>>> print(open('entry.cif').read())   # mmCIF, C-alpha atoms and all ligand atoms
data_input
#
loop_
_atom_site.label_atom_id
_atom_site.label_comp_id
_atom_site.auth_asym_id
_atom_site.auth_seq_id
_atom_site.Cartn_x
_atom_site.Cartn_y
_atom_site.Cartn_z
CA MET A 1 78.15 63.27 -7.18
CA LYS A 2 75.29 61.02 -8.14
CA ASN A 3 75.31 59.81 -11.69
CA ARG A 4 72.49 59.68 -14.22
CA LYS A 5 71.88 55.99 -13.60
CA PHE A 6 71.24 56.73 -9.93
CA TYR A 7 68.56 59.31 -10.73
CA ALA A 8 67.05 57.16 -13.46
CA GLU A 9 66.69 54.34 -10.93
CA ARG A 10 65.03 56.61 -8.35
CA ILE A 11 62.52 57.83 -10.95
CA TRP A 12 61.86 54.21 -11.91
CA ASP A 13 61.26 53.41 -8.21
CA LEU A 14 58.71 56.23 -7.98
CA LEU A 15 56.89 55.08 -11.08
CA TYR A 16 57.04 51.38 -10.34
CA PRO A 17 57.44 50.92 -6.60
CA ARG A 18 58.46 47.51 -5.33
CA HIS A 19 56.46 45.79 -2.65
CA CYS A 20 57.51 43.63 0.25
CA ALA A 21 56.71 40.02 -0.66
CA LEU A 22 55.48 39.33 2.88
CA CYS A 23 53.47 42.40 4.00
CA HIS A 24 52.90 44.01 0.56
CA GLU A 25 53.98 47.50 1.72
CA ILE A 26 55.98 49.69 -0.67
CA LEU A 27 59.73 49.22 -0.14
CA THR A 28 62.33 51.93 0.13
CA VAL A 29 66.00 51.50 -0.74
CA LYS A 30 66.84 52.38 2.88
CA GLY A 31 65.14 49.23 4.03
CA ALA A 32 67.44 46.92 2.07
CA VAL A 33 68.03 43.63 3.83
CA CYS A 34 70.20 40.62 3.23
CA ILE A 35 68.54 37.53 1.91
CA SER A 36 69.79 34.56 3.90
CA GLY A 37 73.09 36.31 4.47
CA GLN A 38 73.52 37.53 0.89
CA LYS A 39 73.04 41.17 0.00
CA THR A 40 70.73 41.98 -2.89
CA ALA A 41 71.04 45.11 -5.01
CA TYR A 42 67.64 46.33 -3.88
CA PRO A 43 65.25 45.34 -1.13
CA LEU A 44 62.89 42.42 -1.65
CA ILE A 45 61.24 42.43 1.76
CA CYS A 46 61.27 44.95 4.61
CA PRO A 47 63.63 44.38 7.56
CA GLY A 48 60.77 43.84 10.00
CA CYS A 49 59.35 41.04 7.88
CA LYS A 50 62.51 38.95 7.74
CA LYS A 51 61.45 36.61 10.53
CA LYS A 52 57.90 36.16 9.27
CA ALA A 53 58.75 33.48 6.71
CA VAL A 54 59.56 30.27 8.58
CA SER A 55 62.05 27.87 7.00
CA VAL A 56 61.44 24.14 7.30
CA ARG A 57 63.73 22.55 9.89
CA GLU A 58 64.47 18.98 10.94
CA PRO A 59 62.86 16.56 11.50
CA LYS A 60 61.66 16.32 7.92
CA CYS A 61 60.80 13.56 5.46
CA ARG A 62 63.94 12.21 3.78
CA LYS A 63 62.13 11.92 0.47
CA CYS A 64 60.01 15.07 0.12
CA GLY A 65 61.31 17.29 2.92
CA LYS A 66 57.92 17.67 4.58
CA PRO A 67 58.15 18.64 8.26
CA LEU A 68 57.55 15.66 10.56
CA PRO A 69 56.21 15.72 14.12
CA ASP A 70 58.56 13.02 15.40
CA VAL A 71 62.36 12.70 15.08
CA ARG A 72 62.05 8.91 14.95
CA GLN A 73 60.03 9.09 11.75
CA GLU A 74 62.05 8.88 8.52
CA TYR A 75 59.35 9.39 5.90
CA CYS A 76 56.00 11.15 5.83
CA GLY A 77 52.78 9.15 5.41
CA ASP A 78 52.41 10.12 1.75
CA CYS A 79 55.92 8.96 0.87
CA CYS A 80 55.36 5.69 2.76
CA ARG A 81 52.05 4.96 1.06
CA HIS A 82 52.68 6.03 -2.53
CA ARG A 83 55.28 5.28 -5.14
CA ARG A 84 57.57 8.26 -5.65
CA TYR A 85 58.99 8.91 -9.11
CA PHE A 86 61.15 11.79 -7.89
CA ASP A 87 64.32 10.93 -6.03
CA GLU A 88 64.39 13.72 -3.47
CA GLY A 89 63.21 17.26 -2.92
CA ILE A 90 62.45 20.02 -0.45
CA GLY A 91 60.19 22.99 0.09
CA ILE A 92 62.02 25.81 1.84
CA PHE A 93 59.22 27.58 3.76
CA ARG A 94 56.39 26.19 5.85
CA TYR A 95 53.10 26.82 4.11
CA ASP A 96 51.58 28.81 6.97
CA ASP A 97 49.28 31.85 6.99
CA VAL A 98 52.08 34.29 6.10
CA MET A 99 53.16 32.28 3.06
CA ARG A 100 49.59 31.45 2.08
CA ASN A 101 48.90 35.18 1.90
CA SER A 102 52.16 35.97 0.09
CA MET A 103 51.55 33.21 -2.47
CA ALA A 104 47.99 34.45 -3.08
CA TYR A 105 49.39 37.87 -4.08
CA PHE A 106 52.08 36.22 -6.23
CA LYS A 107 49.62 34.03 -8.10
CA TYR A 108 46.30 35.83 -8.11
CA LYS A 109 47.03 39.53 -7.59
CA GLY A 110 49.68 40.06 -10.24
CA ARG A 111 52.70 40.38 -7.93
CA ALA A 112 55.03 38.58 -10.32
CA GLU A 113 57.87 40.66 -8.79
CA TYR A 114 57.78 38.41 -5.69
CA ALA A 115 59.56 35.76 -7.75
CA GLU A 116 62.75 37.72 -7.09
CA TYR A 117 62.47 37.24 -3.34
CA TYR A 118 61.45 33.59 -3.60
CA GLY A 119 64.16 32.90 -6.20
CA ALA A 120 66.88 34.39 -3.99
CA GLU A 121 65.67 32.34 -1.03
CA LEU A 122 65.39 29.18 -3.11
CA TYR A 123 69.00 29.55 -4.12
CA CYS A 124 70.41 30.53 -0.72
CA GLN A 125 68.60 27.81 1.15
CA SER A 126 69.39 25.01 -1.29
CA ILE A 127 73.02 25.66 -2.30
CA HIS A 128 74.17 22.56 -0.40
CA LEU A 129 71.60 20.41 -2.19
CA LEU A 130 72.35 21.83 -5.63
CA GLU A 131 75.99 20.91 -5.04
CA ARG A 132 75.01 17.35 -4.18
CA TRP A 133 72.30 16.89 -6.82
CA GLN A 134 74.18 18.62 -9.67
CA PRO A 135 71.04 19.23 -11.77
CA GLN A 136 71.68 19.97 -15.43
CA LEU A 137 68.27 21.42 -16.22
CA LEU A 138 65.48 23.26 -14.38
CA ILE A 139 61.92 22.36 -15.35
CA PRO A 140 59.11 24.55 -14.00
CA VAL A 141 55.77 22.79 -13.51
CA PRO A 142 53.73 23.86 -16.56
CA ILE A 143 50.34 25.52 -16.14
CA HIS A 144 47.35 25.02 -18.40
CA ARG A 145 47.10 27.44 -21.34
CA ARG A 146 43.78 28.80 -20.07
CA ARG A 147 45.35 29.59 -16.70
CA MET A 148 48.30 31.16 -18.50
CA ALA A 149 45.95 33.41 -20.47
CA GLU A 150 44.19 34.57 -17.28
CA ARG A 151 47.32 35.13 -15.22
CA GLY A 152 49.73 36.23 -17.91
CA TYR A 153 52.61 34.24 -16.43
CA ASN A 154 53.51 30.83 -15.11
CA GLN A 155 54.63 31.47 -11.54
CA SER A 156 56.85 28.36 -11.52
CA ALA A 157 58.65 29.53 -14.67
CA LEU A 158 59.37 32.90 -13.02
CA LEU A 159 60.85 31.06 -10.04
CA ALA A 160 62.96 28.83 -12.28
CA ARG A 161 64.33 31.86 -14.16
CA GLN A 162 65.32 33.51 -10.89
CA LEU A 163 67.03 30.37 -9.65
CA SER A 164 68.81 30.10 -12.99
CA ARG A 165 70.10 33.69 -12.57
CA TYR A 166 72.00 32.63 -9.47
CA SER A 167 72.85 29.02 -10.26
CA HIS A 168 73.42 29.35 -14.05
CA ILE A 169 71.51 26.12 -14.61
CA PRO A 170 69.45 26.43 -17.83
CA VAL A 171 65.63 26.38 -17.78
CA ASN A 172 63.39 24.40 -20.12
CA GLU A 173 59.94 26.01 -20.28
CA THR A 174 58.80 24.65 -23.61
CA SER A 175 59.07 20.86 -23.77
CA PHE A 176 56.23 20.03 -21.39
CA ARG A 177 52.58 20.97 -21.35
CA ARG A 178 49.78 20.72 -18.85
CA LEU A 179 46.80 19.03 -20.45
CA LYS A 180 44.30 19.27 -17.63
CA ASN A 181 43.12 22.48 -16.09
CA THR A 182 43.14 21.30 -12.52
CA ALA A 183 41.53 24.45 -11.11
CA ALA A 184 39.44 22.61 -8.56
CA LEU A 185 42.44 20.61 -7.31
CA LYS A 186 42.49 22.42 -3.98
CA LYS A 187 38.96 21.30 -3.17
CA GLN A 188 39.66 17.66 -3.93
CA THR A 189 40.62 14.96 -1.48
CA PRO A 190 44.21 13.68 -1.79
CA GLU A 191 42.93 10.50 -3.45
CA GLN A 192 40.87 12.43 -6.04
CA ARG A 193 43.84 14.70 -6.62
CA ARG A 194 46.15 11.80 -7.33
CA LYS A 195 43.66 10.35 -9.80
CA SER A 196 43.12 13.65 -11.61
CA MET A 197 46.87 14.05 -12.04
CA TYR A 198 47.15 10.91 -14.18
CA HIS A 199 48.10 12.01 -17.66
CA ALA A 200 48.02 15.65 -16.59
CA PHE A 201 51.20 16.46 -18.51
CA SER A 202 52.55 15.74 -21.97
CA ALA A 203 55.93 16.17 -23.63
CA LYS A 204 56.85 17.47 -27.07
CA PRO A 205 57.80 14.60 -29.38
CA GLY A 206 61.53 14.16 -29.59
CA THR A 207 62.22 15.59 -26.13
CA VAL A 208 65.43 14.17 -24.67
CA LEU A 209 66.36 15.13 -21.12
CA PRO A 210 69.76 15.12 -19.45
CA GLU A 211 70.46 12.66 -16.66
CA ARG A 212 69.69 14.97 -13.72
CA VAL A 213 66.78 17.41 -13.74
CA LEU A 214 65.23 19.65 -11.11
CA ILE A 215 61.49 20.43 -11.02
CA ILE A 216 60.58 23.92 -9.76
CA ASP A 217 57.16 24.72 -8.30
CA ASP A 218 55.55 27.19 -5.91
CA ILE A 219 53.80 24.91 -3.42
CA TYR A 220 54.12 21.22 -2.51
CA THR A 221 51.17 19.73 -0.66
CA THR A 222 50.43 16.05 -1.31
CA GLY A 223 53.17 15.79 -3.93
CA SER A 224 50.81 14.48 -6.62
CA THR A 225 51.69 17.23 -9.14
CA VAL A 226 55.45 16.88 -8.75
CA ASN A 227 55.16 13.09 -8.75
CA ALA A 228 53.12 13.02 -11.98
CA LEU A 229 55.61 15.29 -13.74
CA ALA A 230 58.58 13.32 -12.37
CA LYS A 231 57.11 10.14 -13.83
CA LEU A 232 56.95 11.75 -17.27
CA LEU A 233 60.48 13.20 -16.99
CA LYS A 234 61.87 9.74 -16.29
CA LYS A 235 60.11 8.48 -19.38
CA TYR A 236 61.97 11.11 -21.40
CA GLY A 237 65.44 10.16 -20.27
CA ALA A 238 65.98 11.68 -16.84
CA LYS A 239 67.66 9.24 -14.48
CA ARG A 240 67.41 11.44 -11.40
CA VAL A 241 64.56 13.84 -10.76
CA TYR A 242 64.68 16.30 -7.86
CA PHE A 243 62.30 19.07 -6.86
CA LEU A 244 62.49 22.42 -5.15
CA THR A 245 59.44 24.42 -4.06
CA VAL A 246 59.02 27.70 -2.20
CA CYS A 247 56.43 26.31 0.24
CA ILE A 248 55.60 22.92 1.60
CA GLY A 249 52.49 21.83 3.48
CA THR A 250 53.00 20.92 7.09
CA GLY A 251 50.38 18.22 7.48
CA GLU A 252 48.97 15.39 5.46
CA LYS A 253 45.44 16.75 5.65
CA ILE A 254 46.33 19.72 3.39
ZN ZN A 301 57.18 43.67 4.83
ZN ZN A 302 57.55 12.70 2.25
#
>>> encode(input="entry.cif", output="structure tokens")
Amino acid sequence: MKNRKFYAERIWDLLYPRHCALCHEILTVKGAVCISGQKTAYPLICPGCKKKAVSVREPKCRKCGKPLPDVRQEYCGDCCRHRRYFDEGIGIFRYDDVMRNSMAYFKYKGRAEYAEYYGAELYCQSIHLLERWQPQLLIPVPIHRRRMAERGYNQSALLARQLSRYSHIPVNETSFRRLKNTAALKKQTPEQRRKSMYHAFSAKPGTVLPERVLIIDDIYTTGSTVNALAKLLKKYGAKRVYFLTVCIGTGEKI
């Protein structure tokens, strides 16, 4: 005998269908799949799409986790050339065409629900690192208030909340602000990007951070955003700054 909650949930599904975060088709409960070996209460992607998202494997940069072409290489070019204020970090998926498309829906087409899939994957694929890093606070990369008004949500904050659901690490969404609206960042060269990130963030007066903090973001490309925020976090008391992103660029030209 099905209870009232069961029927209420089915009606909810009909009214607000969930979509696969990778192919955007409507999901059915029948299609429920495990996320990295863990079962979720409802499906987040369809079974056929499971293999589409490619996780980053070794060899990767020991500082930023970027995939490297050669096993003999320890660090990527960006981490060799530029001072890093973060201590270590990884992006879990390769930023390929599948993820580029998925991220575009997540950020520009209102599919905030995809944060549930990304959040589950972030947790499952970084448990070993969370155990080693022991972060005390999650800090999503802030977005500019104009961007926030257009989009209605900060995608990095949604990711941080999902990760917090699983890891029980608290999230701080209010102490840091993005001062510059770096909308044209994608079109800039890495050098221009680095320059435009100077003083891109500010902190509320009186902010005091715990010793170990973890920055959460959607995409890591040159690392200039994460690096600029990490610099500020260290100024406000963090001794160790780590980062975790859903995607990471595969080449230095990105
Ligand atoms: Zn799908
Ligand atoms: Zn690197």
>>> residues_near_ligand(input="entry.cif", ligand="ligand ZN 302 (chain A)", cutoff="6 Å", atoms="all atoms listed in the file", output="list in words")
Cys61, Lys63, Cys64, Gly65, Lys66, Tyr75, Cys76, Asp78 and Cys79 of chain A
>>> atom_distance(input="entry.cif", atom1="CA of His19 (chain A)", atom2="CA of Ile215 (chain A)")
27.2 Å
>>> residues_around(input="entry.cif", residues="Pro170 (chain A)", least_positions_apart="4", cutoff="7 Å", atoms="all atoms listed in the file", output="JSON, numbers by chain")
{"A": [137, 138, 164]}
>>> atom_distance(input="entry.cif", atom1="CA of Lys109 (chain A)", atom2="CA of Asn154 (chain A)")
13.2 Å
>>> residues_near_ligand(input="entry.cif", ligand="ligand ZN 301 (chain A)", cutoff="12 Å", atoms="all atoms listed in the file", output="VMD selection string")
chain A and resid 18 to 28 31 to 33 43 to 53 98 102 114 117
>>> closest_residue(input="entry.cif", among="A:Lys180, A:Glu131, A:Ile169, A:Tyr108", to="Tyr153 (chain A)", atoms="only C-alpha atoms")
A:Tyr108
>>> atom_distance(input="entry.cif", atom1="CA of Thr250 (chain A)", atom2="CA of Gln136 (chain A)")
29.3 Å
>>> residues_around(input="entry.cif", residues="Ser126 (chain A)", least_positions_apart="2", cutoff="12 Å", atoms="only C-alpha atoms", output="ChimeraX atom specification")
/A:36,55-56,65,89-93,118-124,128-134,163,166-167,214,242-246
>>> closest_residue(input="entry.cif", among="A:Pro190, A:Leu159, A:Ser175, A:Lys107", to="Pro205 (chain A)", atoms="all atoms listed in the file")
A:Ser175
>>> residues_around(input="entry.cif", residues="Arg194 (chain A)", least_positions_apart="3", cutoff="8 Å", atoms="all atoms listed in the file", output="list in words")
Pro190, Glu191, Met197, Tyr198, Ser224 and Thr225 of chain A
>>> closest_residue(input="entry.cif", among="A:Leu158, A:Cys80, A:Ile139, A:Ala203", to="Arg177 (chain A)", atoms="all atoms listed in the file")
A:Ala203
>>> decode(input="entry.cif", residues="region 3-140 of chain A", atoms="C-alpha atoms", output="PDB file, in the first residue's frame")
ATOM      1  CA  ASN A   3       1.353   6.061   1.391  1.00  0.00           C
ATOM      2  CA  ARG A   4       0.347   9.675   0.905  1.00  0.00           C
ATOM      3  CA  LYS A   5       3.960  10.832   0.770  1.00  0.00           C
ATOM      4  CA  PHE A   6       4.578   8.515  -2.181  1.00  0.00           C
ATOM      5  CA  TYR A   7       1.698   9.996  -4.179  1.00  0.00           C
ATOM      6  CA  ALA A   8       2.587  13.545  -3.174  1.00  0.00           C
ATOM      7  CA  GLU A   9       6.108  12.959  -4.494  1.00  0.00           C
ATOM      8  CA  ARG A  10       4.828  11.556  -7.808  1.00  0.00           C
ATOM      9  CA  ILE A  11       2.571  14.588  -8.286  1.00  0.00           C
ATOM     10  CA  TRP A  12       5.532  16.834  -7.475  1.00  0.00           C
ATOM     11  CA  ASP A  13       7.589  14.961 -10.112  1.00  0.00           C
ATOM     12  CA  LEU A  14       4.880  15.582 -12.711  1.00  0.00           C
ATOM     13  CA  LEU A  15       4.675  19.262 -11.902  1.00  0.00           C
ATOM     14  CA  TYR A  16       8.396  19.835 -11.540  1.00  0.00           C
ATOM     15  CA  PRO A  17      10.221  17.167 -13.512  1.00  0.00           C
ATOM     16  CA  ARG A  18      13.920  16.724 -12.892  1.00  0.00           C
ATOM     17  CA  HIS A  19      16.361  16.760 -15.752  1.00  0.00           C
ATOM     18  CA  CYS A  20      19.507  14.782 -16.374  1.00  0.00           C
ATOM     19  CA  ALA A  21      22.463  17.078 -15.700  1.00  0.00           C
ATOM     20  CA  LEU A  22      24.316  15.693 -18.725  1.00  0.00           C
ATOM     21  CA  CYS A  23      21.747  15.271 -21.538  1.00  0.00           C
ATOM     22  CA  HIS A  24      18.941  17.482 -20.105  1.00  0.00           C
ATOM     23  CA  GLU A  25      16.206  14.864 -20.702  1.00  0.00           C
ATOM     24  CA  ILE A  26      13.438  14.472 -18.114  1.00  0.00           C
ATOM     25  CA  LEU A  27      14.338  11.799 -15.546  1.00  0.00           C
ATOM     26  CA  THR A  28      12.097   9.037 -14.289  1.00  0.00           C
ATOM     27  CA  VAL A  29      12.434   7.364 -10.905  1.00  0.00           C
ATOM     28  CA  LYS A  30      13.011   4.059 -12.723  1.00  0.00           C
ATOM     29  CA  GLY A  31      16.231   5.399 -14.123  1.00  0.00           C
ATOM     30  CA  ALA A  32      17.813   5.964 -10.709  1.00  0.00           C
ATOM     31  CA  VAL A  33      21.559   5.425 -10.745  1.00  0.00           C
ATOM     32  CA  CYS A  34      24.280   5.375  -8.152  1.00  0.00           C
ATOM     33  CA  ILE A  35      26.546   8.353  -7.957  1.00  0.00           C
ATOM     34  CA  SER A  36      30.122   7.120  -7.709  1.00  0.00           C
ATOM     35  CA  GLY A  37      28.931   4.003  -5.931  1.00  0.00           C
ATOM     36  CA  GLN A  38      26.517   5.771  -3.584  1.00  0.00           C
ATOM     37  CA  LYS A  39      22.778   5.532  -4.078  1.00  0.00           C
ATOM     38  CA  THR A  40      20.810   8.764  -4.150  1.00  0.00           C
ATOM     39  CA  ALA A  41      17.149   9.011  -3.184  1.00  0.00           C
ATOM     40  CA  TYR A  42      16.194  10.081  -6.683  1.00  0.00           C
ATOM     41  CA  PRO A  43      17.952  10.095 -10.023  1.00  0.00           C
ATOM     42  CA  LEU A  44      20.307  12.932 -10.900  1.00  0.00           C
ATOM     43  CA  ILE A  45      21.430  11.683 -14.300  1.00  0.00           C
ATOM     44  CA  CYS A  46      20.144   8.912 -16.568  1.00  0.00           C
ATOM     45  CA  PRO A  47      21.920   5.532 -16.540  1.00  0.00           C
ATOM     46  CA  GLY A  48      23.115   5.922 -20.128  1.00  0.00           C
ATOM     47  CA  CYS A  49      24.841   9.195 -19.314  1.00  0.00           C
ATOM     48  CA  LYS A  50      26.944   7.876 -16.446  1.00  0.00           C
ATOM     49  CA  LYS A  51      30.066   7.418 -18.556  1.00  0.00           C
ATOM     50  CA  LYS A  52      29.773  10.762 -20.331  1.00  0.00           C
ATOM     51  CA  ALA A  53      31.381  12.805 -17.554  1.00  0.00           C
ATOM     52  CA  VAL A  54      35.101  12.024 -17.514  1.00  0.00           C
ATOM     53  CA  SER A  55      36.916  12.236 -14.179  1.00  0.00           C
ATOM     54  CA  VAL A  56      40.450  13.622 -14.106  1.00  0.00           C
ATOM     55  CA  ARG A  57      43.027  10.860 -13.713  1.00  0.00           C
ATOM     56  CA  GLU A  58      46.778  10.793 -13.130  1.00  0.00           C
ATOM     57  CA  PRO A  59      49.114  12.247 -14.225  1.00  0.00           C
ATOM     58  CA  LYS A  60      47.940  15.552 -12.811  1.00  0.00           C
ATOM     59  CA  CYS A  61      49.539  18.684 -11.365  1.00  0.00           C
ATOM     60  CA  ARG A  62      50.388  18.198  -7.687  1.00  0.00           C
ATOM     61  CA  LYS A  63      49.321  21.736  -6.900  1.00  0.00           C
ATOM     62  CA  CYS A  64      46.120  22.364  -8.886  1.00  0.00           C
ATOM     63  CA  GLY A  65      45.180  18.888 -10.108  1.00  0.00           C
ATOM     64  CA  LYS A  66      45.200  19.863 -13.776  1.00  0.00           C
ATOM     65  CA  PRO A  67      45.671  16.883 -16.111  1.00  0.00           C
ATOM     66  CA  LEU A  68      49.235  16.666 -17.440  1.00  0.00           C
ATOM     67  CA  PRO A  69      50.393  15.102 -20.701  1.00  0.00           C
ATOM     68  CA  ASP A  70      53.533  13.550 -19.225  1.00  0.00           C
ATOM     69  CA  VAL A  71      53.980  11.370 -16.108  1.00  0.00           C
ATOM     70  CA  ARG A  72      57.424  12.870 -15.524  1.00  0.00           C
ATOM     71  CA  GLN A  73      55.938  16.330 -15.055  1.00  0.00           C
ATOM     72  CA  GLU A  74      55.086  17.272 -11.454  1.00  0.00           C
ATOM     73  CA  TYR A  75      53.461  20.664 -11.925  1.00  0.00           C
ATOM     74  CA  CYS A  76      51.577  22.360 -14.740  1.00  0.00           C
ATOM     75  CA  GLY A  77      53.049  25.397 -16.496  1.00  0.00           C
ATOM     76  CA  ASP A  78      50.774  27.829 -14.658  1.00  0.00           C
ATOM     77  CA  CYS A  79      51.771  26.493 -11.237  1.00  0.00           C
ATOM     78  CA  CYS A  80      55.467  26.618 -12.221  1.00  0.00           C
ATOM     79  CA  ARG A  81      55.282  30.183 -13.491  1.00  0.00           C
ATOM     80  CA  HIS A  82      53.014  31.882 -10.954  1.00  0.00           C
ATOM     81  CA  ARG A  83      52.933  32.189  -7.210  1.00  0.00           C
ATOM     82  CA  ARG A  84      50.139  30.084  -5.746  1.00  0.00           C
ATOM     83  CA  TYR A  85      48.371  31.308  -2.619  1.00  0.00           C
ATOM     84  CA  PHE A  86      46.298  28.134  -2.326  1.00  0.00           C
ATOM     85  CA  ASP A  87      47.997  25.052  -0.954  1.00  0.00           C
ATOM     86  CA  GLU A  88      46.360  22.373  -3.060  1.00  0.00           C
ATOM     87  CA  GLY A  89      43.197  21.638  -4.986  1.00  0.00           C
ATOM     88  CA  ILE A  90      41.490  19.567  -7.645  1.00  0.00           C
ATOM     89  CA  GLY A  91      38.775  19.732 -10.260  1.00  0.00           C
ATOM     90  CA  ILE A  92      36.925  16.437 -10.542  1.00  0.00           C
ATOM     91  CA  PHE A  93      35.800  16.390 -14.197  1.00  0.00           C
ATOM     92  CA  ARG A  94      37.660  17.272 -17.371  1.00  0.00           C
ATOM     93  CA  TYR A  95      36.200  20.423 -18.861  1.00  0.00           C
ATOM     94  CA  ASP A  96      35.305  18.829 -22.198  1.00  0.00           C
ATOM     95  CA  ASP A  97      32.333  19.356 -24.526  1.00  0.00           C
ATOM     96  CA  VAL A  98      29.939  17.347 -22.334  1.00  0.00           C
ATOM     97  CA  MET A  99      30.765  19.353 -19.218  1.00  0.00           C
ATOM     98  CA  ARG A 100      30.918  22.630 -21.115  1.00  0.00           C
ATOM     99  CA  ASN A 101      27.346  22.020 -22.239  1.00  0.00           C
ATOM    100  CA  SER A 102      26.179  20.864 -18.803  1.00  0.00           C
ATOM    101  CA  MET A 103      27.754  23.890 -17.111  1.00  0.00           C
ATOM    102  CA  ALA A 104      26.129  26.249 -19.631  1.00  0.00           C
ATOM    103  CA  TYR A 105      22.689  24.917 -18.613  1.00  0.00           C
ATOM    104  CA  PHE A 106      23.614  25.141 -14.925  1.00  0.00           C
ATOM    105  CA  LYS A 107      24.793  28.738 -15.162  1.00  0.00           C
ATOM    106  CA  TYR A 108      22.887  30.348 -17.994  1.00  0.00           C
ATOM    107  CA  LYS A 109      19.694  28.330 -18.486  1.00  0.00           C
ATOM    108  CA  GLY A 110      18.416  28.231 -14.931  1.00  0.00           C
ATOM    109  CA  ARG A 111      19.172  24.565 -14.185  1.00  0.00           C
ATOM    110  CA  ALA A 112      20.128  25.241 -10.581  1.00  0.00           C
ATOM    111  CA  GLU A 113      18.964  21.663  -9.818  1.00  0.00           C
ATOM    112  CA  TYR A 114      22.186  20.327 -11.407  1.00  0.00           C
ATOM    113  CA  ALA A 115      24.009  21.414  -8.251  1.00  0.00           C
ATOM    114  CA  GLU A 116      22.657  18.232  -6.657  1.00  0.00           C
ATOM    115  CA  TYR A 117      24.460  16.017  -9.143  1.00  0.00           C
ATOM    116  CA  TYR A 118      27.681  18.032  -9.033  1.00  0.00           C
ATOM    117  CA  GLY A 119      27.552  18.242  -5.231  1.00  0.00           C
ATOM    118  CA  ALA A 120      27.167  14.474  -4.872  1.00  0.00           C
ATOM    119  CA  GLU A 121      30.072  13.903  -7.254  1.00  0.00           C
ATOM    120  CA  LEU A 122      32.224  16.517  -5.539  1.00  0.00           C
ATOM    121  CA  TYR A 123      31.758  14.719  -2.262  1.00  0.00           C
ATOM    122  CA  CYS A 124      32.200  11.160  -3.542  1.00  0.00           C
ATOM    123  CA  GLN A 125      35.285  11.946  -5.551  1.00  0.00           C
ATOM    124  CA  SER A 126      37.039  13.980  -2.878  1.00  0.00           C
ATOM    125  CA  ILE A 127      36.318  12.075   0.356  1.00  0.00           C
ATOM    126  CA  HIS A 128      39.969  11.015   0.628  1.00  0.00           C
ATOM    127  CA  LEU A 129      41.128  14.618   0.239  1.00  0.00           C
ATOM    128  CA  LEU A 130      38.597  16.017   2.707  1.00  0.00           C
ATOM    129  CA  GLU A 131      39.922  13.517   5.246  1.00  0.00           C
ATOM    130  CA  ARG A 132      43.471  14.708   4.652  1.00  0.00           C
ATOM    131  CA  TRP A 133      42.737  18.438   4.376  1.00  0.00           C
ATOM    132  CA  GLN A 134      40.218  18.592   7.252  1.00  0.00           C
ATOM    133  CA  PRO A 135      38.666  21.898   6.099  1.00  0.00           C
ATOM    134  CA  GLN A 136      36.677  23.742   8.754  1.00  0.00           C
ATOM    135  CA  LEU A 137      34.798  26.054   6.411  1.00  0.00           C
ATOM    136  CA  LEU A 138      33.572  26.044   2.804  1.00  0.00           C
ATOM    137  CA  ILE A 139      33.809  29.334   0.912  1.00  0.00           C
ATOM    138  CA  PRO A 140      32.076  29.560  -2.465  1.00  0.00           C
TER     139      PRO A 140
END
